[in-house]
Amino acid sequence: MCGIVAYLGNRQAYPILMNGLYRLEYRGYDSAGIALLDGGLKIYKKPGRVLDLENFISDKDHSGTIGIAHTRWATHGEPNEINAHPHASPSGLMAIIHNGIIENYASLREVLVQRGYEFHSDTDTEVVIHLIEDIKTNEKVSLEEAVRIALNQVIGAYAIVVISQKSPDKLIAARKGSPLVIGINNDEFFVASDATPIVEYTKEVVYLGDEEIAVLERGKELRIRTIKNVEKTPYVETLELNLEQLEKGGYEHFMLKEIFEQPRSIEDSMRGRLHELSGTVSLGGIIEYEQRLVSAQRIIIVACGTSWHAGLVGEYLFEDIARIPVEVEYASEFRYRSPVLCERDIIIAISQSGETADTLAAIELAKSKGALILGICNVVGSSIPRNTHAGSYTHAGPEIGVASTKAFTAQVTILALMAMMIANKKGTLTRTRYQHLIYEMSHLPEKVAKTLLLNDKIKGIAEKFYTASNFLYLGRGYNFPVALEGALKLKEISYIHAEGYPAAEMKHGPIALIDKDMPVVIIATNKELYEKVVSNIQEVKARKGVIIAIVNEGDTTIAKLADYVIEVPETEEPLNPVIATIPLQLLAYHIALLRNCDVDKPRNLAKSVTVE
C-alpha cells in the first residue's frame with residue numbers, strides 16, 4: 001500500500017521522481033523518501049506528506065540521472081524517518097524501496113543478526129536489502145543475481161526497486177503480488193506502482209509479472225527473467241491513460257471531480273455494451289462464458305470495502321432479475337473460512353485497483369478448486385484482470401481520491417448489465433420489462449447529472465450536521481447496500497462514526513441510539529417497499545430522530561415527515577443505487593470539508609490495498 005517510482009535516463013531524476021511521488025501519494029502518505037545516485041548515494045527521508053520531503057530537500061544536493069523514491073503507508077513500524085523508505089544496505093552502497101509484506105522477515109532477520117548485521121528500523125524491508133548485500137558479498141555475484149537469489153528466500157508480497165553505487169547505470173526491479181509497471185522511452189526507463197507517474201513521459205509500458213525481475217541498464221534493452229532464472233521476452237503495451245485525467249480540472253479536490261465525472265463514467269461503462277435502439281445488452285469480455293452464466297447454479301461475489309457494497313447490489317440484481325442464487329463474501333474472510341467450492345461455481349471478483357491483495361488471494365483459492373473466475377475492474381493491465389478467466393473493465397477512468405465514488409457506480413452499472421444480459425438469455429424477464437430497463441439504463445447518465453445539480457442544497461444540509469458525532473443510514477431492498485456505502489463514505493473522510501442498516505432492522509437494536517441529536521439518513525426511493533419505509537420513518541420520528549430523506553421527485557408523503565428532503569430523479573428499482581448514492585457522496589464530501597478534513601487523503605487509509 002505504498003507508492004514506488006524510479007528513473008534511469010539522461011535527465012535529472014529528482015524532478016521526475018518528485019512529480020511521481022505526488023502522483024502516487026494517494027497510495028500512501030505516512031512518510032516519503034528518495035535516493036539519488038551521482039557518484040555517491042544520497043538518501044533523504046521525511047515523515048509526513050510528499051510536500052514535507054520536498055521542503056526538506058530543497059536546499060540539499062539532489063543531482064543525478066538515476067534514482068528511486070517512495071511514499072509509504074505503514075505496515076511494519078510507525079511512520080517516522082527511520083522506518084521511511086528507501087532503506088540502505090549495511091555498507092550504505094545500496095538502497096531499496098518496497099511495497100508489500102515479507103511474511104518471513106523475522107526469521108530472515110534472526111539469521112542475519114547471527115551473522116553480525118545490525119538493524120536500525122522496525123521494517124521488513126530493511127531485512128531484504130541486508131539479505132541482498134549479504135548474498136552479493138559472500139557469493140560474489142552481480143547485483144541482479146543477488147536480488148534473484150534473495151527473492152528465492154523471501155516469502156510474501158513485494159514490489160521492489162534496488163539501486164547500487166557500484167552499478168551506477170542500473171536499476172533492478174522485481175514483483176510478486178504487488179503491482180509494478182515499467183515505462184520505456186528511447187534511452188530512458190521509468191518504474192512505478194501504477195502508470196500515473198509514467199504517462200506524461202511515455203505511452204510504452206511493460207507490466208511486470210509475478211516472480212519476475214527486470215534489469216534496467218543505461219544504453220541497453222530491458223531484460224526480464226524469473227526468480228527461477230528463466231528468461232522472458234518483455235511484452236510492450238500502449239497506455240490508454242491520458243494526462244488530463246490525472247489533473248483536478250478546476251475542481252477543489254479529486255473527490256469532487258470524480259463525483260461530478262459520474263455521468264460520463266457511467267456512460268463510458270455502458271458504451272458498446274448497452275444498445276438502446278436494438279434493445280440488447282452485450283458484454284464482449286465475458287461472451288465466451290455466457291452460457292456458463294446462464295446455466296449457473298450459484299454465483300459468489302468476492303470484494304472488499306466499497307466494492308463489497310457494489311457486490312451486495314449485484315446480489316439483488318442477479319437474484320431479482322436473473323434468478324440466480326448469489327453469495328457476497330468479504331474477500332479477506334473468504335479464503336480463511338474453508339469455503340465449499342466446486343467447478344460449477346462462478347466467482348465474480350470486484351476491485352477498483354485490480355491489486356487488492358485479499359481479493360487476489362480469494363481468486364487463487366477459487367481457481368485451485370476449478371471455479372470460473374470473472375473480474376470487474378477499473379485498471380487496465382492490473383493483477384486481477386490478468387488472473388481471472390474473463391471479465392469486464394468499468395472504464396471509469398483514474399480514481400485518485402482515496403474514498404471511492406465513481407468506481408462504485410461504474411461497478412454497479414456493469415453488474416446491472418451482466419444481470420440483464422443473463423436474464424434476457426434465460427427468459428426471466430418479460431420483454432416489456434427488459435426493454436424498459438434498457439431504456440432506463442440508457443438515461444442514467446442524464447439523471448445522475450440532474451442529481452448533481454443538488455450540490456448546493458446538499459451543502460446547506462451538511463452545514464446543519466457537520467458537528468454531529470454519529471449518523472445512522474437506513475435503506476430497504478436495493479437501497480440497503482446504498483445505506484452501507486453512504487455510511488462508509490462519511491466515516492472514511494469526515495471521521496464521524498456512521499452505521500448503515502436495513503431499515504427494518506433498526507428496531508432490533510439501533511433504535512436505542514436514536515434521539516434528537518442523531519441524524520438518520522433514509523434512502524426512500526423504493527416503490528415496492530414504500531409503505532414499509534414510511535413506517536420506519538415514523539418510528540424514528542417517534543423517538544425525536546432528525547431525518548434526512550432521499551426520495552423520488554414529487555414525493556409528498558415522506559416530505560411531510562422528514563426534516564430535510566433531497567429529491568432525485570425516479571428510475572427502475574434495480575437502478576436506484578446508481579442515483580441514490582450520489583447525494584450521499586456529496587453529503588459526506590461537504591461534511592468532511594466543513595470539519596477541515598483532507599477529503600482526498602483521509603488519515604490511515606490508502607487507495608490500493610496491496611497487503612492483507
# chains A, B, ... in the order shown; residues from 1 in each chain; ligands from 1
call {"tool": "residues_around", "arguments": {"residues": "region 308-321 of chain A", "least_positions_apart": "4", "cutoff": "6 Å", "atoms": "only C-alpha atoms", "output": "VMD selection string"}}
result
chain A and resid 303 to 304 325 to 326 412 415 419 423 481
call {"tool": "residues_around", "arguments": {"residues": "Met18 (chain A)", "least_positions_apart": "2", "cutoff": "10 Å", "atoms": "only C-alpha atoms", "output": "list of chain:residue names"}}
result
A:Val5, A:Ala6, A:Ala13, A:Tyr14, A:Pro15, A:Ile16, A:Gly20, A:Leu21, A:Tyr22, A:Arg23, A:Leu24, A:Gly33, A:Ile34, A:Val50, A:Leu51, A:Leu53, A:Glu54, A:Ile68, A:Ala69, A:His70, A:Pro197
call {"tool": "write_last_selection", "arguments": {"atoms": "N, CA and C atoms", "output": "compact mmCIF listing (two decimals), in the first residue's frame"}}
result
# COMPACT_ATOMS: atom_id res chain seq x y z
N VAL A 5 8.40 4.75 -7.27
CA VAL A 5 8.75 5.36 -8.55
C VAL A 5 10.26 5.37 -8.67
N ALA A 6 10.76 5.13 -9.89
CA ALA A 6 12.20 5.12 -10.14
C ALA A 6 12.47 5.62 -11.54
N ALA A 13 17.00 13.15 -12.42
CA ALA A 13 15.98 12.25 -11.88
C ALA A 13 15.07 12.93 -10.87
N TYR A 14 15.60 13.88 -10.10
CA TYR A 14 14.86 14.43 -8.97
C TYR A 14 13.48 14.97 -9.33
N PRO A 15 13.37 15.88 -10.34
CA PRO A 15 12.02 16.41 -10.63
C PRO A 15 11.06 15.33 -11.12
N ILE A 16 11.56 14.34 -11.83
CA ILE A 16 10.71 13.24 -12.31
C ILE A 16 10.22 12.40 -11.14
N GLY A 20 6.47 12.09 -9.62
CA GLY A 20 5.89 10.76 -9.47
C GLY A 20 5.35 10.52 -8.07
N LEU A 21 6.07 11.00 -7.07
CA LEU A 21 5.59 10.84 -5.69
C LEU A 21 4.27 11.56 -5.46
N TYR A 22 4.15 12.76 -6.01
CA TYR A 22 2.88 13.47 -5.88
C TYR A 22 1.76 12.70 -6.58
N ARG A 23 2.05 12.11 -7.72
CA ARG A 23 1.04 11.34 -8.44
C ARG A 23 0.61 10.09 -7.65
N LEU A 24 1.57 9.54 -6.89
CA LEU A 24 1.32 8.28 -6.18
C LEU A 24 0.91 8.47 -4.72
N GLY A 33 10.42 9.28 0.83
CA GLY A 33 11.87 9.34 0.75
C GLY A 33 12.35 9.18 -0.67
N ILE A 34 13.62 9.53 -0.87
CA ILE A 34 14.20 9.49 -2.21
C ILE A 34 15.69 9.14 -2.09
N VAL A 50 4.43 14.21 0.97
CA VAL A 50 5.48 14.43 -0.02
C VAL A 50 5.98 15.87 0.04
N LEU A 51 5.08 16.81 0.31
CA LEU A 51 5.48 18.21 0.41
C LEU A 51 6.51 18.42 1.51
N LEU A 53 8.74 16.27 2.44
CA LEU A 53 10.00 15.79 1.88
C LEU A 53 10.61 16.82 0.93
N GLU A 54 9.77 17.38 0.06
CA GLU A 54 10.27 18.36 -0.90
C GLU A 54 10.86 19.57 -0.19
N ILE A 68 15.56 6.45 -7.03
CA ILE A 68 14.36 5.74 -6.61
C ILE A 68 13.66 6.58 -5.55
N ALA A 69 12.34 6.46 -5.46
CA ALA A 69 11.58 7.25 -4.49
C ALA A 69 10.36 6.45 -4.02
N HIS A 70 9.81 6.85 -2.87
CA HIS A 70 8.79 6.02 -2.21
C HIS A 70 7.91 6.89 -1.33
N PRO A 197 2.61 8.01 -12.72
CA PRO A 197 3.81 8.84 -12.83
C PRO A 197 4.50 8.74 -14.19
call {"tool": "residues_around", "arguments": {"residues": "Cys342 (chain A)", "least_positions_apart": "3", "cutoff": "10 Å", "atoms": "only C-alpha atoms", "output": "PyMOL selection string"}}
result
chain A and resi 339+345-346+366-372
call {"tool": "write_last_selection", "arguments": {"atoms": "N, CA and C atoms", "output": "PDB file, in the first residue's frame"}}
result
ATOM      1  N   PRO A 339     -14.184 -22.287   2.517  1.00  0.00           N
ATOM      2  CA  PRO A 339     -15.465 -22.264   1.794  1.00  0.00           C
ATOM      3  C   PRO A 339     -15.652 -23.518   0.939  1.00  0.00           C
ATOM      4  N   ASP A 345     -19.215 -23.564  -9.766  1.00  0.00           N
ATOM      5  CA  ASP A 345     -19.372 -22.218  -9.208  1.00  0.00           C
ATOM      6  C   ASP A 345     -18.764 -21.162 -10.119  1.00  0.00           C
ATOM      7  N   ILE A 346     -19.368 -19.976 -10.078  1.00  0.00           N
ATOM      8  CA  ILE A 346     -18.822 -18.816 -10.780  1.00  0.00           C
ATOM      9  C   ILE A 346     -18.479 -17.760  -9.732  1.00  0.00           C
ATOM     10  N   ALA A 366     -10.180 -19.904  -5.264  1.00  0.00           N
ATOM     11  CA  ALA A 366     -11.283 -20.380  -6.102  1.00  0.00           C
ATOM     12  C   ALA A 366     -10.760 -21.078  -7.362  1.00  0.00           C
ATOM     13  N   LYS A 367      -9.689 -20.547  -7.927  1.00  0.00           N
ATOM     14  CA  LYS A 367      -9.104 -21.179  -9.116  1.00  0.00           C
ATOM     15  C   LYS A 367      -8.585 -22.583  -8.791  1.00  0.00           C
ATOM     16  N   SER A 368      -8.036 -22.735  -7.606  1.00  0.00           N
ATOM     17  CA  SER A 368      -7.497 -24.049  -7.225  1.00  0.00           C
ATOM     18  C   SER A 368      -8.589 -25.095  -7.100  1.00  0.00           C
ATOM     19  N   LYS A 369      -9.838 -24.639  -6.929  1.00  0.00           N
ATOM     20  CA  LYS A 369     -10.981 -25.551  -6.835  1.00  0.00           C
ATOM     21  C   LYS A 369     -11.678 -25.741  -8.188  1.00  0.00           C
ATOM     22  N   GLY A 370     -11.146 -25.101  -9.225  1.00  0.00           N
ATOM     23  CA  GLY A 370     -11.695 -25.278 -10.566  1.00  0.00           C
ATOM     24  C   GLY A 370     -12.848 -24.369 -10.919  1.00  0.00           C
ATOM     25  N   ALA A 371     -13.149 -23.370 -10.084  1.00  0.00           N
ATOM     26  CA  ALA A 371     -14.266 -22.468 -10.360  1.00  0.00           C
ATOM     27  C   ALA A 371     -13.922 -21.514 -11.504  1.00  0.00           C
ATOM     28  N   LEU A 372     -14.946 -21.012 -12.174  1.00  0.00           N
ATOM     29  CA  LEU A 372     -14.770 -19.994 -13.202  1.00  0.00           C
ATOM     30  C   LEU A 372     -14.662 -18.633 -12.516  1.00  0.00           C
TER      31      LEU A 372
END
call {"tool": "closest_atom_pairs", "arguments": {"of": "region 299-417 of chain A", "to": "region 164-182 of chain A", "cutoff": "10 Å", "atoms": "only C-alpha atoms", "output": "Markdown table"}}
result
| residue | atom | partner | partner_atom | distance |
| --- | --- | --- | --- | --- |
| A:Ser353 | CA | A:Pro179 | CA | 10.0 |
| A:Gly354 | CA | A:Pro179 | CA | 9.3 |
| A:Glu355 | CA | A:Pro179 | CA | 6.8 |
| A:Thr356 | CA | A:Ser178 | CA | 8.9 |
| A:Ala357 | CA | A:Gly177 | CA | 7.2 |
| A:Leu360 | CA | A:Gly177 | CA | 8.3 |
| A:Ala361 | CA | A:Gly177 | CA | 9.4 |
| A:Gly381 | CA | A:Val181 | CA | 9.3 |
| A:Ser382 | CA | A:Pro179 | CA | 7.2 |
| A:Ser383 | CA | A:Pro179 | CA | 7.1 |
call {"tool": "closest_residue", "arguments": {"among": "A:Ala192, A:Cys597, A:Ile132, A:Val236", "to": "Val206 (chain A)", "atoms": "only C-alpha atoms"}}
result
A:Val236
call {"tool": "atom_distance", "arguments": {"atom1": "CA of Met418 (chain A)", "atom2": "CA of Ser392 (chain A)"}}
result
9.4 Å
call {"tool": "residues_around", "arguments": {"residues": "Thr71 (chain A)", "least_positions_apart": "3", "cutoff": "7 Å", "atoms": "only C-alpha atoms", "output": "ChimeraX atom specification"}}
result
/A:2-4,21,25,28-29,31-33
call {"tool": "write_last_selection", "arguments": {"atoms": "N, CA and C atoms", "output": "PDB file, in the first residue's frame"}}
result
ATOM      1  N   CYS A   2       1.965   1.144  -0.738  1.00  0.00           N
ATOM      2  CA  CYS A   2       2.900   2.254  -0.847  1.00  0.00           C
ATOM      3  C   CYS A   2       3.071   2.601  -2.311  1.00  0.00           C
ATOM      4  N   GLY A   3       3.677   3.744  -2.567  1.00  0.00           N
ATOM      5  CA  GLY A   3       3.913   4.167  -3.942  1.00  0.00           C
ATOM      6  C   GLY A   3       5.390   4.119  -4.270  1.00  0.00           C
ATOM      7  N   ILE A   4       5.716   3.460  -5.376  1.00  0.00           N
ATOM      8  CA  ILE A   4       7.101   3.306  -5.826  1.00  0.00           C
ATOM      9  C   ILE A   4       7.283   4.040  -7.136  1.00  0.00           C
ATOM     10  N   LEU A  21       6.070  11.000  -7.065  1.00  0.00           N
ATOM     11  CA  LEU A  21       5.592  10.839  -5.688  1.00  0.00           C
ATOM     12  C   LEU A  21       4.268  11.558  -5.465  1.00  0.00           C
ATOM     13  N   GLU A  25       0.825   9.722  -4.287  1.00  0.00           N
ATOM     14  CA  GLU A  25       0.601   9.959  -2.862  1.00  0.00           C
ATOM     15  C   GLU A  25      -0.721   9.378  -2.380  1.00  0.00           C
ATOM     16  N   GLY A  28      -0.371   6.170  -0.346  1.00  0.00           N
ATOM     17  CA  GLY A  28       0.207   6.164   0.993  1.00  0.00           C
ATOM     18  C   GLY A  28       0.846   7.499   1.283  1.00  0.00           C
ATOM     19  N   TYR A  29       0.683   7.988   2.512  1.00  0.00           N
ATOM     20  CA  TYR A  29       1.189   9.330   2.789  1.00  0.00           C
ATOM     21  C   TYR A  29       1.569   9.485   4.260  1.00  0.00           C
ATOM     22  N   SER A  31       4.871   8.777   5.162  1.00  0.00           N
ATOM     23  CA  SER A  31       6.243   9.262   5.063  1.00  0.00           C
ATOM     24  C   SER A  31       6.673   9.115   3.610  1.00  0.00           C
ATOM     25  N   ALA A  32       7.794   9.734   3.278  1.00  0.00           N
ATOM     26  CA  ALA A  32       8.288   9.666   1.905  1.00  0.00           C
ATOM     27  C   ALA A  32       9.802   9.783   1.914  1.00  0.00           C
ATOM     28  N   GLY A  33      10.418   9.276   0.835  1.00  0.00           N
ATOM     29  CA  GLY A  33      11.870   9.344   0.748  1.00  0.00           C
ATOM     30  C   GLY A  33      12.350   9.184  -0.670  1.00  0.00           C
TER      31      GLY A  33
END
call {"tool": "residues_around", "arguments": {"residues": "Ala449 (chain A)", "least_positions_apart": "2", "cutoff": "8 Å", "atoms": "only C-alpha atoms", "output": "PyMOL selection string"}}
result
chain A and resi 260+262-263+445-447+451-453
call {"tool": "write_last_selection", "arguments": {"atoms": "N, CA, C and O atoms", "output": "short mmCIF file (atom, residue, chain, number, x, y, z; two decimals), in the first residue's frame"}}
result
data_model
loop_
_atom_site.label_atom_id
_atom_site.label_comp_id
_atom_site.auth_asym_id
_atom_site.auth_seq_id
_atom_site.Cartn_x
_atom_site.Cartn_y
_atom_site.Cartn_z
N PHE A 260 -18.43 14.38 -9.84
CA PHE A 260 -19.07 15.06 -10.97
C PHE A 260 -18.73 14.40 -12.31
O PHE A 260 -19.36 14.72 -13.32
N GLN A 262 -19.29 11.30 -12.82
CA GLN A 262 -20.08 10.07 -12.90
C GLN A 262 -21.04 9.98 -14.08
O GLN A 262 -21.23 8.88 -14.62
N PRO A 263 -21.64 11.07 -14.54
CA PRO A 263 -22.44 10.91 -15.76
C PRO A 263 -21.61 10.33 -16.92
O PRO A 263 -22.08 9.46 -17.65
N PRO A 445 -27.10 8.34 -17.14
CA PRO A 445 -26.15 9.47 -17.09
C PRO A 445 -26.82 10.83 -16.94
O PRO A 445 -26.38 11.66 -16.13
N GLU A 446 -27.90 11.05 -17.67
CA GLU A 446 -28.56 12.36 -17.58
C GLU A 446 -29.27 12.52 -16.24
O GLU A 446 -29.36 13.63 -15.70
N LYS A 447 -29.77 11.42 -15.66
CA LYS A 447 -30.43 11.51 -14.36
C LYS A 447 -29.40 11.74 -13.25
O LYS A 447 -29.69 12.45 -12.27
N THR A 451 -29.10 14.96 -10.75
CA THR A 451 -28.93 14.81 -9.31
C THR A 451 -27.78 15.68 -8.81
O THR A 451 -27.83 16.25 -7.71
N LEU A 452 -26.72 15.80 -9.60
CA LEU A 452 -25.57 16.61 -9.21
C LEU A 452 -25.90 18.09 -9.08
O LEU A 452 -25.18 18.84 -8.40
N LEU A 453 -27.00 18.51 -9.69
CA LEU A 453 -27.43 19.90 -9.56
C LEU A 453 -27.90 20.21 -8.14
O LEU A 453 -28.10 21.38 -7.78
#
call {"tool": "select_by_dssp", "arguments": {"residues": "region 31-90 of chain A", "states": "helix (DSSP H, G or I)", "output": "short mmCIF file (atom, residue, chain, number, x, y, z; two decimals) with C-alpha atoms, in the first residue's frame"}}
result
data_model
loop_
_atom_site.label_atom_id
_atom_site.label_comp_id
_atom_site.auth_asym_id
_atom_site.auth_seq_id
_atom_site.Cartn_x
_atom_site.Cartn_y
_atom_site.Cartn_z
CA VAL A 50 5.48 14.43 -0.02
CA LEU A 51 5.48 18.21 0.41
CA ASP A 52 7.34 17.79 3.70
CA LEU A 53 10.00 15.79 1.88
CA GLU A 54 10.27 18.36 -0.90
CA ASN A 55 10.72 21.18 1.61
CA PHE A 56 13.33 19.15 3.44
CA ILE A 57 15.36 18.50 0.27
#
call {"tool": "select_by_dssp", "arguments": {"residues": "region 9-246 of chain A", "states": "strand (DSSP E)", "output": "ChimeraX atom specification"}}
result
/A:31-38,40-47,66-72,87-88,94-102,156-164,167-176,181-185,188-192,204-207,212-217,223-226,231-232,237-238
call {"tool": "residues_around", "arguments": {"residues": "region 251-253 of chain A", "least_positions_apart": "4", "cutoff": "12 Å", "atoms": "only C-alpha atoms", "output": "list of chain:residue names"}}
result
A:Leu246, A:Glu247, A:Lys257, A:Glu258, A:Ile259, A:Phe260, A:Glu261, A:Glu399, A:Ile400, A:Gly401, A:Val402, A:Ala403, A:Tyr589, A:His590, A:Ala592, A:Leu593, A:Cys597, A:Asp598, A:Val599, A:Asp600, A:Lys601
call {"tool": "closest_residue", "arguments": {"among": "A:Asp555, A:Leu484, A:Arg386, A:Tyr466", "to": "Asn596 (chain A)", "atoms": "only C-alpha atoms"}}
result
A:Tyr466
call {"tool": "atom_distance", "arguments": {"atom1": "CA of Gln297 (chain A)", "atom2": "CA of Ile324 (chain A)"}}
result
6.5 Å
call {"tool": "closest_residue", "arguments": {"among": "A:Thr137, A:Asn19, A:Ser89, A:Thr233", "to": "Leu41 (chain A)", "atoms": "only C-alpha atoms"}}
result
A:Ser89
call {"tool": "residues_around", "arguments": {"residues": "Val565 (chain A)", "least_positions_apart": "4", "cutoff": "9 Å", "atoms": "only C-alpha atoms", "output": "NGL selection string"}}
result
:A and (547-551 or 558-559)
call {"tool": "write_last_selection", "arguments": {"atoms": "C-alpha atoms", "output": "JSON list (two decimals), in the first residue's frame"}}
result
[["chain", "number", "residue", "atom", "x", "y", "z"],
["A", 547, "ILE", "CA", -34.45, 12.66, 9.33],
["A", 548, "ILE", "CA", -32.64, 13.39, 6.06],
["A", 549, "ALA", "CA", -34.62, 11.59, 3.36],
["A", 550, "ILE", "CA", -33.58, 10.73, -0.20],
["A", 551, "VAL", "CA", -36.85, 10.48, -2.15],
["A", 558, "ILE", "CA", -42.24, 11.49, 3.14],
["A", 559, "ALA", "CA", -41.64, 15.21, 2.55]]
call {"tool": "atom_distance", "arguments": {"atom1": "CA of Asn104 (chain A)", "atom2": "CA of Leu208 (chain A)"}}
result
23.2 Å
call {"tool": "decode", "arguments": {"residues": "region 380-396 of chain A", "atoms": "N, CA, C and O atoms", "output": "CSV table (one decimal), in the first residue's frame"}}
result
chain,number,residue,atom,x,y,z
A,380,VAL,N,-6.7,-1.1,-16.3
A,380,VAL,CA,-6.3,-2.0,-17.4
A,380,VAL,C,-4.9,-2.5,-17.1
A,380,VAL,O,-4.0,-1.7,-16.7
A,381,GLY,N,-4.7,-3.8,-17.2
A,381,GLY,CA,-3.4,-4.4,-17.0
A,381,GLY,C,-3.0,-4.7,-15.6
A,381,GLY,O,-1.9,-5.2,-15.3
A,382,SER,N,-3.9,-4.5,-14.7
A,382,SER,CA,-3.7,-4.8,-13.3
A,382,SER,C,-3.8,-6.3,-13.0
A,382,SER,O,-4.1,-7.1,-13.9
A,383,SER,N,-3.5,-6.7,-11.8
A,383,SER,CA,-3.3,-8.1,-11.5
A,383,SER,C,-4.6,-8.9,-11.6
A,383,SER,O,-4.6,-10.1,-12.1
A,384,ILE,N,-5.7,-8.4,-11.1
A,384,ILE,CA,-7.0,-9.2,-11.2
A,384,ILE,C,-7.4,-9.5,-12.6
A,384,ILE,O,-7.7,-10.7,-12.9
A,385,PRO,N,-7.4,-8.5,-13.5
A,385,PRO,CA,-7.7,-8.9,-14.9
A,385,PRO,C,-6.8,-10.0,-15.5
A,385,PRO,O,-7.2,-10.8,-16.3
A,386,ARG,N,-5.5,-10.0,-15.0
A,386,ARG,CA,-4.6,-11.0,-15.5
A,386,ARG,C,-4.7,-12.3,-14.8
A,386,ARG,O,-4.1,-13.3,-15.3
A,387,ASN,N,-5.4,-12.4,-13.7
A,387,ASN,CA,-5.5,-13.6,-13.0
A,387,ASN,C,-6.9,-14.2,-13.1
A,387,ASN,O,-7.2,-15.2,-12.4
A,388,THR,N,-7.8,-13.6,-13.8
A,388,THR,CA,-9.2,-14.2,-14.0
A,388,THR,C,-9.3,-14.7,-15.4
A,388,THR,O,-8.6,-14.4,-16.3
A,389,HIS,N,-10.3,-15.6,-15.5
A,389,HIS,CA,-10.6,-16.2,-16.9
A,389,HIS,C,-11.1,-15.2,-17.9
A,389,HIS,O,-10.8,-15.3,-19.1
A,390,ALA,N,-11.9,-14.2,-17.4
A,390,ALA,CA,-12.5,-13.2,-18.2
A,390,ALA,C,-13.1,-12.1,-17.3
A,390,ALA,O,-13.0,-12.2,-16.1
A,391,GLY,N,-13.7,-11.1,-18.0
A,391,GLY,CA,-14.3,-10.1,-17.1
A,391,GLY,C,-14.6,-8.8,-17.9
A,391,GLY,O,-14.5,-8.8,-19.2
A,392,SER,N,-14.9,-7.8,-17.2
A,392,SER,CA,-15.3,-6.5,-17.8
A,392,SER,C,-14.6,-5.4,-17.1
A,392,SER,O,-14.6,-5.3,-15.9
A,393,TYR,N,-14.0,-4.5,-17.9
A,393,TYR,CA,-13.4,-3.2,-17.3
A,393,TYR,C,-14.6,-2.2,-17.1
A,393,TYR,O,-15.5,-2.2,-17.9
A,394,THR,N,-14.5,-1.4,-16.1
A,394,THR,CA,-15.5,-0.4,-15.8
A,394,THR,C,-15.4,0.8,-16.7
A,394,THR,O,-16.3,1.5,-16.9
A,395,HIS,N,-14.2,1.1,-17.1
A,395,HIS,CA,-13.9,2.3,-17.9
A,395,HIS,C,-14.3,3.6,-17.2
A,395,HIS,O,-14.7,4.6,-17.8
A,396,ALA,N,-14.1,3.6,-15.8
A,396,ALA,CA,-14.5,4.8,-15.1
A,396,ALA,C,-13.4,5.9,-15.2
A,396,ALA,O,-13.6,7.0,-14.8
